file coords-v7.csv (CSV, C-alpha atoms and all ligand atoms)
chain,number,residue,atom,x,y,z
P,1,MET,CA,-72.5,7.6,27.8
P,2,ARG,CA,-71.7,11.1,26.6
P,3,ILE,CA,-68.3,10.3,25.1
P,4,GLU,CA,-67.4,7.9,22.3
P,5,ALA,CA,-63.8,7.3,23.3
P,6,ASP,CA,-61.6,7.0,26.4
P,7,LEU,CA,-58.2,8.0,25.2
P,8,HIS,CA,-56.2,7.5,28.4
P,9,THR,CA,-56.2,4.2,30.2
P,10,HIS,CA,-53.5,2.0,31.9
P,11,THR,CA,-53.0,-1.8,32.1
P,12,HIS,CA,-50.7,-4.1,34.0
P,13,PHE,CA,-47.9,-3.3,31.5
P,14,SER,CA,-47.4,-0.2,33.8
P,15,ASP,CA,-49.2,0.5,37.0
P,16,GLY,CA,-52.7,-0.5,36.0
P,17,LYS,CA,-54.5,-3.7,37.2
P,18,GLY,CA,-56.2,-5.0,34.1
P,19,SER,CA,-55.0,-6.7,30.9
P,20,ILE,CA,-55.5,-4.9,27.5
P,21,GLU,CA,-58.4,-7.2,26.7
P,22,GLU,CA,-60.1,-6.5,30.1
P,23,ASN,CA,-59.8,-2.7,29.3
P,24,VAL,CA,-61.4,-3.3,25.9
P,25,LEU,CA,-64.2,-5.4,27.3
P,26,ALA,CA,-64.9,-2.7,29.9
P,27,ALA,CA,-65.0,-0.1,27.2
P,28,ARG,CA,-67.4,-2.2,25.1
P,29,ALA,CA,-69.7,-2.7,28.1
P,30,LYS,CA,-69.8,1.1,28.6
P,31,GLY,CA,-70.7,1.5,24.9
P,32,LEU,CA,-67.5,3.2,23.9
P,33,LYS,CA,-66.5,3.1,20.2
P,34,ARG,CA,-62.8,3.7,20.8
P,35,ILE,CA,-60.3,3.1,23.6
P,36,ALA,CA,-56.6,4.0,23.8
P,37,ILE,CA,-54.2,1.9,25.8
P,38,THR,CA,-51.7,4.4,27.2
P,39,ASP,CA,-49.3,3.0,29.7
P,40,HIS,CA,-46.5,5.0,31.2
P,41,GLY,CA,-43.4,5.5,29.1
P,42,PRO,CA,-40.1,3.6,29.8
P,43,GLY,CA,-38.5,6.6,31.5
P,44,HIS,CA,-40.5,6.3,34.7
P,45,LEU,CA,-38.4,4.6,37.3
P,46,GLY,CA,-41.2,3.0,39.2
P,47,PHE,CA,-43.7,1.8,36.7
P,48,GLY,CA,-42.7,2.6,33.1
P,49,ILE,CA,-43.1,-0.1,30.5
P,50,LYS,CA,-40.0,-1.9,29.4
P,51,ARG,CA,-39.1,-1.0,25.8
P,52,HIS,CA,-39.4,-4.5,24.5
P,53,GLN,CA,-42.9,-4.8,25.8
P,54,LEU,CA,-44.3,-2.3,23.3
P,55,LYS,CA,-44.0,-4.8,20.4
P,56,GLU,CA,-46.0,-7.4,22.5
P,57,MET,CA,-48.6,-4.7,23.3
P,58,ARG,CA,-48.8,-3.8,19.6
P,59,ALA,CA,-49.4,-7.5,18.7
P,60,ILE,CA,-52.1,-7.8,21.4
P,61,VAL,CA,-53.9,-4.6,20.2
P,62,ASP,CA,-53.8,-5.8,16.5
P,63,ILE,CA,-55.3,-9.2,17.5
P,64,LEU,CA,-58.0,-7.6,19.6
P,65,ASN,CA,-58.9,-5.1,16.8
P,66,ARG,CA,-59.5,-8.2,14.6
P,67,LYS,CA,-61.5,-10.0,17.3
P,68,TYR,CA,-63.9,-7.1,18.2
P,69,ASP,CA,-65.4,-5.3,15.3
P,70,ASP,CA,-67.5,-2.9,17.3
P,71,ILE,CA,-64.6,-1.0,18.9
P,72,GLU,CA,-61.4,0.6,17.7
P,73,ILE,CA,-58.4,0.0,20.0
P,74,LEU,CA,-55.5,2.4,19.8
P,75,LEU,CA,-52.1,1.7,21.1
P,76,GLY,CA,-50.5,4.8,22.8
P,77,LEU,CA,-48.1,5.7,25.5
P,78,GLU,CA,-48.2,8.3,28.2
P,79,ALA,CA,-44.7,9.6,27.7
P,80,ASN,CA,-42.8,11.4,30.5
P,81,ILE,CA,-41.8,15.0,30.1
P,82,LEU,CA,-38.4,14.6,31.7
P,83,ASN,CA,-37.0,18.1,32.1
P,84,GLU,CA,-37.0,21.8,31.1
P,85,ASP,CA,-35.7,20.9,27.6
P,86,GLY,CA,-38.9,19.0,27.0
P,87,ASP,CA,-37.1,15.7,26.5
P,88,LEU,CA,-39.6,12.7,26.3
P,89,ASP,CA,-38.7,9.1,27.0
P,90,ILE,CA,-39.6,8.0,23.5
P,91,ASP,CA,-37.7,7.7,20.2
P,92,ASP,CA,-38.6,7.1,16.6
P,93,GLU,CA,-38.4,3.3,17.0
P,94,LEU,CA,-41.1,3.4,19.8
P,95,LEU,CA,-43.1,6.0,17.9
P,96,GLU,CA,-43.5,3.6,14.9
P,97,ASP,CA,-45.8,1.3,16.9
P,98,LEU,CA,-48.0,4.1,18.3
P,99,ASP,CA,-51.4,5.2,17.1
P,100,ILE,CA,-51.5,8.1,19.6
P,101,LEU,CA,-49.0,9.9,21.8
P,102,LEU,CA,-49.8,11.3,25.2
P,103,ALA,CA,-47.3,13.2,27.3
P,104,GLY,CA,-47.3,14.4,30.9
P,105,TYR,CA,-45.2,15.2,33.8
P,106,HIS,CA,-44.8,12.7,36.7
P,107,PHE,CA,-42.7,12.5,39.8
P,108,GLY,CA,-40.3,9.6,39.5
P,109,SER,CA,-39.3,10.0,35.8
P,110,SER,CA,-35.6,9.4,35.3
P,111,PRO,CA,-33.3,12.4,35.3
P,112,LYS,CA,-31.2,12.9,32.2
P,113,LYS,CA,-29.0,15.7,33.4
P,114,TRP,CA,-27.7,15.9,36.9
P,115,PRO,CA,-28.3,17.9,39.1
P,116,ARG,CA,-30.6,20.0,37.0
P,117,ASP,CA,-33.3,17.4,36.5
P,118,ILE,CA,-33.2,16.5,40.2
P,119,THR,CA,-33.9,20.1,41.0
P,120,PHE,CA,-36.8,20.0,38.5
P,121,HIS,CA,-38.4,17.3,40.5
P,122,SER,CA,-37.6,18.6,43.9
P,123,ASN,CA,-39.0,22.0,43.2
P,124,ASN,CA,-42.3,20.3,42.2
P,125,TRP,CA,-42.1,18.1,45.3
P,126,PHE,CA,-41.5,21.1,47.6
P,127,LYS,CA,-43.6,23.7,45.8
P,128,LYS,CA,-45.7,24.5,48.8
P,129,ARG,CA,-42.7,25.3,51.0
P,130,SER,CA,-42.2,28.8,49.6
P,131,LYS,CA,-43.3,31.2,47.0
P,132,LYS,CA,-39.9,31.2,45.5
P,133,ILE,CA,-39.8,27.4,45.0
P,134,TYR,CA,-43.4,27.5,43.6
P,135,GLU,CA,-42.4,30.2,41.1
P,136,LYS,CA,-39.2,28.3,40.0
P,137,ALA,CA,-41.3,25.1,39.6
P,138,MET,CA,-43.9,26.9,37.5
P,139,ALA,CA,-41.2,28.5,35.2
P,140,ALA,CA,-39.5,25.1,34.7
P,141,ASN,CA,-42.7,23.1,34.2
P,142,THR,CA,-44.0,25.6,31.7
P,143,LYS,CA,-40.7,25.5,29.7
P,144,ALA,CA,-40.8,21.7,29.9
P,145,PHE,CA,-44.4,21.4,28.4
P,146,VAL,CA,-43.7,24.2,25.8
P,147,ASN,CA,-40.5,22.6,24.6
P,148,ALA,CA,-42.0,19.1,24.5
P,149,MET,CA,-44.9,20.2,22.4
P,150,ARG,CA,-42.6,22.0,20.0
P,151,ARG,CA,-40.1,19.2,19.7
P,152,TYR,CA,-42.5,16.2,19.5
P,153,ASP,CA,-45.7,15.6,17.7
P,154,ILE,CA,-47.8,15.0,20.8
P,155,ASP,CA,-51.5,14.4,20.4
P,156,ILE,CA,-52.5,15.1,24.0
P,157,ILE,CA,-50.8,16.6,27.1
P,158,THR,CA,-52.1,14.8,30.1
P,159,HIS,CA,-53.5,16.4,33.3
P,160,PRO,CA,-51.7,19.7,32.8
P,161,GLY,CA,-50.9,21.3,36.2
P,162,ALA,CA,-51.6,18.2,38.3
P,163,LYS,CA,-48.1,17.4,39.6
P,164,GLY,CA,-46.7,20.9,39.4
P,165,PRO,CA,-47.8,24.4,38.6
P,166,LEU,CA,-48.0,25.7,35.0
P,167,ASP,CA,-48.6,29.0,33.3
P,168,ILE,CA,-51.7,27.7,31.5
P,169,GLU,CA,-51.9,30.6,29.2
P,170,ALA,CA,-48.4,30.0,27.8
P,171,VAL,CA,-49.0,26.3,27.5
P,172,ALA,CA,-52.4,26.8,25.7
P,173,LYS,CA,-50.8,29.3,23.3
P,174,VAL,CA,-48.3,26.6,22.2
P,175,ALA,CA,-50.9,23.9,22.3
P,176,GLU,CA,-52.8,25.9,19.7
P,177,GLU,CA,-49.7,26.4,17.5
P,178,THR,CA,-48.7,22.8,17.6
P,179,HIS,CA,-52.2,21.3,17.5
P,180,THR,CA,-51.8,19.5,20.8
P,181,ALA,CA,-55.0,18.7,22.7
P,182,MET,CA,-55.2,19.5,26.4
P,183,GLU,CA,-56.7,16.9,28.8
P,184,ILE,CA,-59.4,17.5,31.3
P,185,SER,CA,-58.7,14.5,33.5
P,186,ALA,CA,-61.5,12.8,35.3
P,187,SER,CA,-59.1,11.2,37.8
P,188,ARG,CA,-59.0,12.4,41.3
P,189,HIS,CA,-56.4,15.2,41.0
P,190,ALA,CA,-59.0,16.9,38.7
P,191,TYR,CA,-56.7,18.9,36.3
P,192,LEU,CA,-57.4,20.9,34.1
P,193,THR,CA,-59.4,22.9,36.7
P,194,VAL,CA,-62.4,24.9,35.6
P,195,GLU,CA,-60.3,28.1,36.0
P,196,ALA,CA,-57.5,26.7,33.8
P,197,ILE,CA,-60.0,25.5,31.1
P,198,GLU,CA,-61.4,29.1,31.0
P,199,ILE,CA,-57.9,30.5,30.4
P,200,ALA,CA,-57.0,27.8,27.9
P,201,ARG,CA,-60.2,28.1,25.8
P,202,LYS,CA,-59.2,31.6,24.8
P,203,TYR,CA,-57.0,29.8,22.3
P,204,ARG,CA,-58.0,27.4,19.6
P,205,VAL,CA,-57.1,24.3,21.5
P,206,ASP,CA,-58.8,20.9,21.4
P,207,PHE,CA,-59.8,19.5,24.7
P,208,THR,CA,-60.3,15.8,25.7
P,209,VAL,CA,-61.9,14.3,28.8
P,210,ASN,CA,-60.4,11.0,29.9
P,211,SER,CA,-60.6,8.6,32.8
P,212,ASP,CA,-56.9,7.8,33.3
P,213,ALA,CA,-58.3,4.6,34.6
P,214,HIS,CA,-55.9,2.2,36.3
P,215,VAL,CA,-58.6,-0.5,36.7
P,216,PRO,CA,-61.0,-1.7,34.0
P,217,GLU,CA,-64.0,-0.6,36.0
P,218,GLY,CA,-62.8,3.0,35.8
P,219,ILE,CA,-62.9,3.1,32.0
P,220,GLY,CA,-65.4,5.6,30.7
P,221,GLU,CA,-66.0,7.0,34.1
P,222,VAL,CA,-65.5,10.6,33.2
P,223,GLU,CA,-68.5,12.5,34.6
P,224,GLY,CA,-66.4,14.7,36.9
P,225,GLY,CA,-64.3,15.8,33.9
P,226,LEU,CA,-67.3,16.4,31.8
P,227,GLU,CA,-68.8,18.6,34.5
P,228,ARG,CA,-65.7,20.7,34.7
P,229,ALA,CA,-65.6,21.0,30.9
P,230,GLU,CA,-69.3,22.2,30.8
P,231,ALA,CA,-68.8,24.5,33.7
P,232,ALA,CA,-66.0,26.2,31.7
P,233,GLY,CA,-68.2,26.5,28.6
P,234,ILE,CA,-66.8,23.6,26.5
P,235,SER,CA,-69.5,21.6,24.7
P,236,ILE,CA,-69.3,17.8,25.0
P,237,GLU,CA,-69.7,17.4,21.2
P,238,SER,CA,-66.5,19.4,20.6
P,239,LEU,CA,-64.3,17.2,22.7
P,240,LEU,CA,-61.6,15.2,20.8
P,241,ASN,CA,-63.3,12.1,22.2
P,242,ASN,CA,-66.3,12.7,20.0
P,243,ARG,CA,-64.7,13.9,16.8
P,244,ALA,CA,-64.7,11.9,13.6
P,245,ASP,CA,-61.3,13.3,12.6
P,246,PHE,CA,-59.8,11.7,15.5
P,247,PRO,CA,-56.0,11.2,15.1
P,248,ASN,CA,-54.4,7.9,14.4
P,249,ARG,CA,-50.7,8.3,13.8
P,250,ARG,CA,-50.3,5.1,11.8
P,251,GLY,CA,-53.3,5.8,9.6
P,252,THR,CA,-54.8,2.3,10.3
P,253,ARG,CA,-58.1,3.9,11.0
P,254,ASP,CA,-59.0,3.9,7.3
P,255,GLU,CA,-58.7,0.1,7.2
P,256,PHE,CA,-60.9,-0.2,10.3
P,301,ZN,ZN,-50.2,10.8,34.2
P,302,ZN,ZN,-52.1,8.2,33.1
call {"tool": "encode", "arguments": {"input": "coords-v7.csv", "output": "structure tokens", "more": "lines below"}}
Ligand SMILES: [Zn+2]
Ligand SMILES: [Zn+2]
result
Amino acid sequence: MRIEADLHTHTHFSDGKGSIEENVLAARAKGLKRIAITDHGPGHLGFGIKRHQLKEMRAIVDILNRKYDDIEILLGLEANILNEDGDLDIDDELLEDLDILLAGYHFGSSPKKWPRDITFHSNNWFKKRSKKIYEKAMAANTKAFVNAMRRYDIDIITHPGAKGPLDIEAVAKVAEETHTAMEISASRHAYLTVEAIEIARKYRVDFTVNSDAHVPEGIGEVEGGLERAEAAGISIESLLNNRADFPNRRGTRDEF
């Protein structure tokens, strides 16, 4: 295993198949030292967690951290970037329970402002129909990521560019300013691409390669992401996955 941590995994609390413990057991079997449980935020209409479930997830993670002393389990969320303002589907109350905050754009997150936020989704949905729609989508997505990073203390932006086009240079610049890591996802949509990593690495941005596993067997399966990272000149040792100063928002790592 060339990474110590998988920082993006899903469970049955959103659209994954396994339990939190099954994810942890799979991570231990792969020799990982850390795993983050990062289900979809409550603003996803199809498979977001229910707000009240986060407390239950927190309790499970705390129990499992006591049960297994050879792995650190972090509770996170993959929050939804909802619109051009960069609104996320989280608040201070939810943040209190999180060790790590991921955020990404997904089709199917709930609109806040009508009809603007519907257009935000539909331009991404129909981006291949015309150059004009593609450009509108890119401008709105870039604003959305930039505003989200400036407004919230996000640890990792997930699969940037996967569901809609982004101006990677503009996003990377603000990722540097706000100390937000950019994900090289090993899941099948394969974003960041090699070309995008090459643009982003002109800035002092942290990168992280994660599985985005939705089944326990997929945890730690990141070879495709590592290959793209290396092809773009990123060393595996420099990835956030392998760093000792890894973030834990609640500071519980010291007790670990
Ligand atoms: Zn995602
Ligand atoms: Zn995900």
call {"tool": "residues_around", "arguments": {"input": "coords-v7.csv", "residues": "P:Ala148", "least_positions_apart": "4", "cutoff": "7 Å", "atoms": "only C-alpha atoms", "output": "ChimeraX atom specification"}}
result
/P:81,86-87,144,152
call {"tool": "residues_around", "arguments": {"input": "coords-v7.csv", "residues": "P:Ala175", "least_positions_apart": "4", "cutoff": "12 Å", "atoms": "only C-alpha atoms", "output": "PyMOL selection string"}}
result
chain P and resi 142+145-150+152-157+160+168-171+179-183+200-207
call {"tool": "residues_near_ligand", "arguments": {"input": "coords-v7.csv", "ligand": "ligand ZN 302 (chain P)", "cutoff": "7 Å", "atoms": "all atoms listed in the file", "output": "VMD selection string"}}
result
chain P and resid 8 to 10 39 to 40 78 212
call {"tool": "residues_around", "arguments": {"input": "coords-v7.csv", "residues": "P:Ile35", "least_positions_apart": "3", "cutoff": "10 Å", "atoms": "only C-alpha atoms", "output": "MDAnalysis selection string"}}
result
chainID P and resid 4:9 23:24 26:28 32 38 71:76 219:220 241
call {"tool": "residues_near_point", "arguments": {"input": "coords-v7.csv", "point": "(-42.8, -4.9, 23.2)", "cutoff": "12 Å", "atoms": "only C-alpha atoms", "output": "PDB file with C-alpha atoms, in the coordinates of the input"}}
result
ATOM      1  CA  PHE P  13     -47.900  -3.300  31.500  1.00  0.00           C
ATOM      2  CA  GLY P  41     -43.400   5.500  29.100  1.00  0.00           C
ATOM      3  CA  PRO P  42     -40.100   3.600  29.800  1.00  0.00           C
ATOM      4  CA  ILE P  49     -43.100  -0.100  30.500  1.00  0.00           C
ATOM      5  CA  LYS P  50     -40.000  -1.900  29.400  1.00  0.00           C
ATOM      6  CA  ARG P  51     -39.100  -1.000  25.800  1.00  0.00           C
ATOM      7  CA  HIS P  52     -39.400  -4.500  24.500  1.00  0.00           C
ATOM      8  CA  GLN P  53     -42.900  -4.800  25.800  1.00  0.00           C
ATOM      9  CA  LEU P  54     -44.300  -2.300  23.300  1.00  0.00           C
ATOM     10  CA  LYS P  55     -44.000  -4.800  20.400  1.00  0.00           C
ATOM     11  CA  GLU P  56     -46.000  -7.400  22.500  1.00  0.00           C
ATOM     12  CA  MET P  57     -48.600  -4.700  23.300  1.00  0.00           C
ATOM     13  CA  ARG P  58     -48.800  -3.800  19.600  1.00  0.00           C
ATOM     14  CA  ALA P  59     -49.400  -7.500  18.700  1.00  0.00           C
ATOM     15  CA  ILE P  60     -52.100  -7.800  21.400  1.00  0.00           C
ATOM     16  CA  VAL P  61     -53.900  -4.600  20.200  1.00  0.00           C
ATOM     17  CA  LEU P  75     -52.100   1.700  21.100  1.00  0.00           C
ATOM     18  CA  GLU P  93     -38.400   3.300  17.000  1.00  0.00           C
ATOM     19  CA  LEU P  94     -41.100   3.400  19.800  1.00  0.00           C
ATOM     20  CA  GLU P  96     -43.500   3.600  14.900  1.00  0.00           C
ATOM     21  CA  ASP P  97     -45.800   1.300  16.900  1.00  0.00           C
ATOM     22  CA  LEU P  98     -48.000   4.100  18.300  1.00  0.00           C
TER      23      LEU P  98
END
call {"tool": "atom_distance", "arguments": {"input": "coords-v7.csv", "atom1": "atom CA of P:Ser109", "atom2": "atom CA of P:Asp89"}}
result
8.9 Å
call {"tool": "build_atoms", "arguments": {"input": "coords-v7.csv", "residues": "stretch 185-206 of chain P", "atoms": "N, CA, C and O atoms", "output": "PDB file, in the frame of the given file"}}
result
ATOM      1  N   SER P 185     -58.693  15.847  32.943  1.00  0.00           N
ATOM      2  CA  SER P 185     -58.700  14.500  33.500  1.00  0.00           C
ATOM      3  C   SER P 185     -59.800  14.306  34.495  1.00  0.00           C
ATOM      4  O   SER P 185     -60.052  15.164  35.345  1.00  0.00           O
ATOM      5  N   ALA P 186     -60.467  13.154  34.384  1.00  0.00           N
ATOM      6  CA  ALA P 186     -61.500  12.800  35.300  1.00  0.00           C
ATOM      7  C   ALA P 186     -60.991  12.126  36.563  1.00  0.00           C
ATOM      8  O   ALA P 186     -61.740  11.813  37.470  1.00  0.00           O
ATOM      9  N   SER P 187     -59.672  11.887  36.597  1.00  0.00           N
ATOM     10  CA  SER P 187     -59.100  11.200  37.800  1.00  0.00           C
ATOM     11  C   SER P 187     -59.083  12.156  38.958  1.00  0.00           C
ATOM     12  O   SER P 187     -59.324  13.344  38.814  1.00  0.00           O
ATOM     13  N   ARG P 188     -58.754  11.647  40.126  1.00  0.00           N
ATOM     14  CA  ARG P 188     -59.000  12.400  41.300  1.00  0.00           C
ATOM     15  C   ARG P 188     -58.283  13.709  41.502  1.00  0.00           C
ATOM     16  O   ARG P 188     -58.721  14.598  42.217  1.00  0.00           O
ATOM     17  N   HIS P 189     -57.129  13.859  40.810  1.00  0.00           N
ATOM     18  CA  HIS P 189     -56.400  15.200  41.000  1.00  0.00           C
ATOM     19  C   HIS P 189     -57.161  16.292  40.241  1.00  0.00           C
ATOM     20  O   HIS P 189     -56.931  17.450  40.521  1.00  0.00           O
ATOM     21  N   ALA P 190     -58.032  15.954  39.288  1.00  0.00           N
ATOM     22  CA  ALA P 190     -59.000  16.900  38.700  1.00  0.00           C
ATOM     23  C   ALA P 190     -58.299  18.132  38.015  1.00  0.00           C
ATOM     24  O   ALA P 190     -58.667  19.272  38.233  1.00  0.00           O
ATOM     25  N   TYR P 191     -57.326  17.846  37.142  1.00  0.00           N
ATOM     26  CA  TYR P 191     -56.700  18.900  36.300  1.00  0.00           C
ATOM     27  C   TYR P 191     -57.023  18.563  34.837  1.00  0.00           C
ATOM     28  O   TYR P 191     -57.023  17.380  34.494  1.00  0.00           O
ATOM     29  N   LEU P 192     -57.244  19.465  33.978  1.00  0.00           N
ATOM     30  CA  LEU P 192     -57.400  20.900  34.100  1.00  0.00           C
ATOM     31  C   LEU P 192     -58.505  21.266  35.104  1.00  0.00           C
ATOM     32  O   LEU P 192     -59.551  20.651  35.057  1.00  0.00           O
ATOM     33  N   THR P 193     -58.299  22.340  35.849  1.00  0.00           N
ATOM     34  CA  THR P 193     -59.400  22.900  36.700  1.00  0.00           C
ATOM     35  C   THR P 193     -60.297  23.720  35.802  1.00  0.00           C
ATOM     36  O   THR P 193     -59.945  24.087  34.672  1.00  0.00           O
ATOM     37  N   VAL P 194     -61.454  24.054  36.340  1.00  0.00           N
ATOM     38  CA  VAL P 194     -62.400  24.900  35.600  1.00  0.00           C
ATOM     39  C   VAL P 194     -61.697  26.244  35.246  1.00  0.00           C
ATOM     40  O   VAL P 194     -61.787  26.724  34.107  1.00  0.00           O
ATOM     41  N   GLU P 195     -60.978  26.819  36.211  1.00  0.00           N
ATOM     42  CA  GLU P 195     -60.300  28.100  36.000  1.00  0.00           C
ATOM     43  C   GLU P 195     -59.271  27.967  34.849  1.00  0.00           C
ATOM     44  O   GLU P 195     -59.148  28.836  33.989  1.00  0.00           O
ATOM     45  N   ALA P 196     -58.537  26.872  34.865  1.00  0.00           N
ATOM     46  CA  ALA P 196     -57.500  26.700  33.800  1.00  0.00           C
ATOM     47  C   ALA P 196     -58.152  26.468  32.460  1.00  0.00           C
ATOM     48  O   ALA P 196     -57.649  26.983  31.458  1.00  0.00           O
ATOM     49  N   ILE P 197     -59.276  25.745  32.404  1.00  0.00           N
ATOM     50  CA  ILE P 197     -60.000  25.500  31.100  1.00  0.00           C
ATOM     51  C   ILE P 197     -60.423  26.901  30.570  1.00  0.00           C
ATOM     52  O   ILE P 197     -60.316  27.182  29.374  1.00  0.00           O
ATOM     53  N   GLU P 198     -60.927  27.737  31.478  1.00  0.00           N
ATOM     54  CA  GLU P 198     -61.400  29.100  31.000  1.00  0.00           C
ATOM     55  C   GLU P 198     -60.281  29.881  30.427  1.00  0.00           C
ATOM     56  O   GLU P 198     -60.479  30.616  29.462  1.00  0.00           O
ATOM     57  N   ILE P 199     -59.093  29.760  30.966  1.00  0.00           N
ATOM     58  CA  ILE P 199     -57.900  30.500  30.400  1.00  0.00           C
ATOM     59  C   ILE P 199     -57.549  29.827  29.058  1.00  0.00           C
ATOM     60  O   ILE P 199     -57.375  30.508  28.053  1.00  0.00           O
ATOM     61  N   ALA P 200     -57.455  28.512  29.051  1.00  0.00           N
ATOM     62  CA  ALA P 200     -57.000  27.800  27.900  1.00  0.00           C
ATOM     63  C   ALA P 200     -57.922  27.974  26.668  1.00  0.00           C
ATOM     64  O   ALA P 200     -57.490  28.026  25.518  1.00  0.00           O
ATOM     65  N   ARG P 201     -59.211  28.068  26.945  1.00  0.00           N
ATOM     66  CA  ARG P 201     -60.200  28.100  25.800  1.00  0.00           C
ATOM     67  C   ARG P 201     -60.182  29.452  25.087  1.00  0.00           C
ATOM     68  O   ARG P 201     -60.863  29.607  24.075  1.00  0.00           O
ATOM     69  N   LYS P 202     -59.397  30.400  25.583  1.00  0.00           N
ATOM     70  CA  LYS P 202     -59.200  31.600  24.800  1.00  0.00           C
ATOM     71  C   LYS P 202     -58.434  31.344  23.525  1.00  0.00           C
ATOM     72  O   LYS P 202     -58.427  32.113  22.594  1.00  0.00           O
ATOM     73  N   TYR P 203     -57.746  30.213  23.516  1.00  0.00           N
ATOM     74  CA  TYR P 203     -57.000  29.800  22.300  1.00  0.00           C
ATOM     75  C   TYR P 203     -57.726  28.690  21.618  1.00  0.00           C
ATOM     76  O   TYR P 203     -58.592  28.043  22.203  1.00  0.00           O
ATOM     77  N   ARG P 204     -57.358  28.474  20.347  1.00  0.00           N
ATOM     78  CA  ARG P 204     -58.000  27.400  19.600  1.00  0.00           C
ATOM     79  C   ARG P 204     -57.411  26.069  19.892  1.00  0.00           C
ATOM     80  O   ARG P 204     -56.632  25.532  19.101  1.00  0.00           O
ATOM     81  N   VAL P 205     -57.741  25.591  21.052  1.00  0.00           N
ATOM     82  CA  VAL P 205     -57.100  24.300  21.500  1.00  0.00           C
ATOM     83  C   VAL P 205     -58.230  23.272  21.589  1.00  0.00           C
ATOM     84  O   VAL P 205     -59.367  23.558  21.943  1.00  0.00           O
ATOM     85  N   ASP P 206     -57.864  22.037  21.232  1.00  0.00           N
ATOM     86  CA  ASP P 206     -58.800  20.900  21.400  1.00  0.00           C
ATOM     87  C   ASP P 206     -58.679  20.436  22.866  1.00  0.00           C
ATOM     88  O   ASP P 206     -57.589  20.404  23.437  1.00  0.00           O
TER      89      ASP P 206
END
